[in-house]
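Take a look at the structure below.
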Amino acid sequence: MRFDHNIMIHINNLSYRYPDGTLTLEGVDISIDRGEFVAIMGPNGCGKTTLVRHLNALLMPTAGSVSVFGMDTKDMSKVWNIRQTVGMVFQNPQTQFVGTTLEEDVAFGPENLGLPQNEIRKRVDRALLEVRLMEYKTHAPKTLSGGQMQRAAIAGVLAMEPECIVFDEVTSMLDPESRQMILDTIQQLHQSGKTIIYVTQRIEEILPLADRIVSMQDGRIEFMGTPHEYLASVGSHVPAITSLMRKLKEKGFDVRDDVFAVDDAFLEIIKACRMVEKENIDDE
Ligand SMILES: Nc1ncnc2c1ncn2[C@@H]1O[C@H](COP(=O)(O)OP(=O)(O)OP(=O)(O)O)[C@@H](O)[C@H]1O
Ligand SMILES: [Mg+2]
């Protein structure tokens with residue numbers, strides 16, 4: 001097969017069985033383009049983490065295949081290259097720190113790549129700037145707040161300069177403000193050209209950002225499509241803002257009911273206000 005440089009990740013008929021016999025993934029097919037932002041959703045235990053751990057060869061398929069830029073994850077000679085291409089950030093950053101200061105911690109990855117000292121310093125500074133933690137450079141990672149720790153973990157991955165970053169429920173332990181800060185950082189990374197794979201159970205945080213939604217159920221893909229298509233398919237489990245639009249529509253207002261971004265909702269509410277004004281004039 002000829003390798004298409006626009007395809008970042010190709011998952012072909014992937015099944016995975018844990019050593020204890022639990023079949024966790026079955027017949028999963030996904031192709032992710034370079035620069036795409038894909039959200040992976042689904043209930044606890046449906047296989048999201050198991051799926052993304054295949055993307056940088058932390059797990060190997062029981063059946064089917066996973067390739068990154070055409071490199072098969074089963075090819076042992078490619079594992080190093082694959083791990084440099086796909087970086088991973090997990091839910092509990094505490095378990096990922098290795099350095100005594102933040103700066104040392106972020107430098108750990110590039111040091112392992114054997115890069116020259118000045119290049120390492122450049123990468124560490126750039127990564128800390130991107131996650132807005134420069135002033136904490138000399139602090140110990142364990143003294144940071146939850147949100148800062150998560151951003152520090154992201155900086156550690158950024159310093160490796162991967163083309164693709166996987167975020168596995170990274171905001172689930174955070175307060176709304178820290179969560180927003182992480183989401184802003186991820187959006188910037190996407191805008192700068194990185195491929196983003198974002199695992200979450202929070203539909204409202206991801207719909208405005210993702211190009212595509214993959215929804216899983218019991219180890220299989222249940223839905224794959226744009227955020228608008230997703231909303232049309234889910235029925236009741238929609239963000240509050242969509243629910244509000246649907247209620248307005250039920251009341252007879254001619255508004256869109258597939259809206260999930262505040263800006264779009266704003267335009268629809270203005271439309272509804274005009275209708276109310278017109279009705280008031282007609283009544284007089
Ligand atoms: N090491 C393991 N050994 C055996 N079974 C496992 C192992 N890790 C996970 N599983 C099982 O595989 C299934 C999928 O787990 P996974 O962690 O991939 O789901 P998830 O969608 O990420 O869930 P969550 O939303 O809770 O993070 C679950 O039934 C889980 O119990
Ligand atoms: Mg998980």
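Simple scheme: letters A, B, ... for chains in structure tokens order, numbers from 1 for residues in each chain, numbers from 1 for ligands in the order shown.
Taking segment 68-267 of chain A and asking which residues DSSP calls strand (DSSP E) on the backbone, you get Val68, Met71, Asp72, Val86, Gly87, Met88, Val89, Cys164, Ile165, Val166, Phe167, Asp168, Thr195, Ile196, Ile197, Tyr198, Val199, Arg212, Ile213, Val214, Ser215, Met216, Gln217, Arg220, Ile221, Glu222, Phe223, Met224 and Gly225 of chain A.
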Within 12 Å of ligand 1, counting only C-alpha atoms and all ligand atoms: which residues, as a PyMOL selection string?
chain A and resi 15-26+40-54+58-59+90-92+167-170+172+198-202+215-221
Would you return as a PyMOL selection string the members of segment 43-268 of chain A that DSSP assigns to helix (DSSP H, G or I) on this structure's backbone?
chain A and resi 48-53+76-85+93-96+102-112+117-130+134-136+141-143+146-158+176-191+203-206+227-234+240-250+262-268
Show me, as an mmCIF file with N, CA and C atoms, in the first residue's frame, the residues that have an atom within 8 Å of Pro208 of chain A when counting only C-alpha atoms, minus same-chain residues fewer than 4 positions from it.
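Contents of around_13.cif, freshly written:
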```cif
data_model
loop_
_atom_site.group_PDB
_atom_site.id
_atom_site.type_symbol
_atom_site.label_atom_id
_atom_site.label_comp_id
_atom_site.auth_asym_id
_atom_site.auth_seq_id
_atom_site.Cartn_x
_atom_site.Cartn_y
_atom_site.Cartn_z
ATOM 1 N N GLU A 204 -19.970 19.035 26.201
ATOM 2 C CA GLU A 204 -20.066 20.482 25.996
ATOM 3 C C GLU A 204 -18.700 21.135 25.805
ATOM 4 N N PRO A 227 -19.399 17.398 14.699
ATOM 5 C CA PRO A 227 -20.150 17.735 15.915
ATOM 6 C C PRO A 227 -21.645 17.950 15.632
ATOM 7 N N PHE A 260 -24.247 24.538 19.526
ATOM 8 C CA PHE A 260 -23.581 24.195 20.782
ATOM 9 C C PHE A 260 -22.565 25.239 21.199
ATOM 10 N N ALA A 261 -22.281 26.204 20.313
ATOM 11 C CA ALA A 261 -21.306 27.235 20.664
ATOM 12 C C ALA A 261 -22.049 28.495 21.097
#
```
When you count only C-alpha atoms and all ligand atoms, which of these residues is closest to ligand 2: A:Val89, A:Val68, A:Ala63, A:Leu102?
A:Val89
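Shell of Met76 of chain A at 12 Å, with only C-alpha atoms counted and residues fewer than 3 places along the chain excluded, is Asn56, Ala57, Leu58, Met60, Met71, Asp72, Thr73, Val79, Trp80, Asn81, Ile82 and Arg83 of chain A.
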So which residues touch Leu158 of chain A within 8 Å, counting only C-alpha atoms, skipping near sequence neighbours fewer than 4 positions away, as a list in words?
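Selected residues are Gly87, Ala127, Ile154 and Pro162 of chain A.
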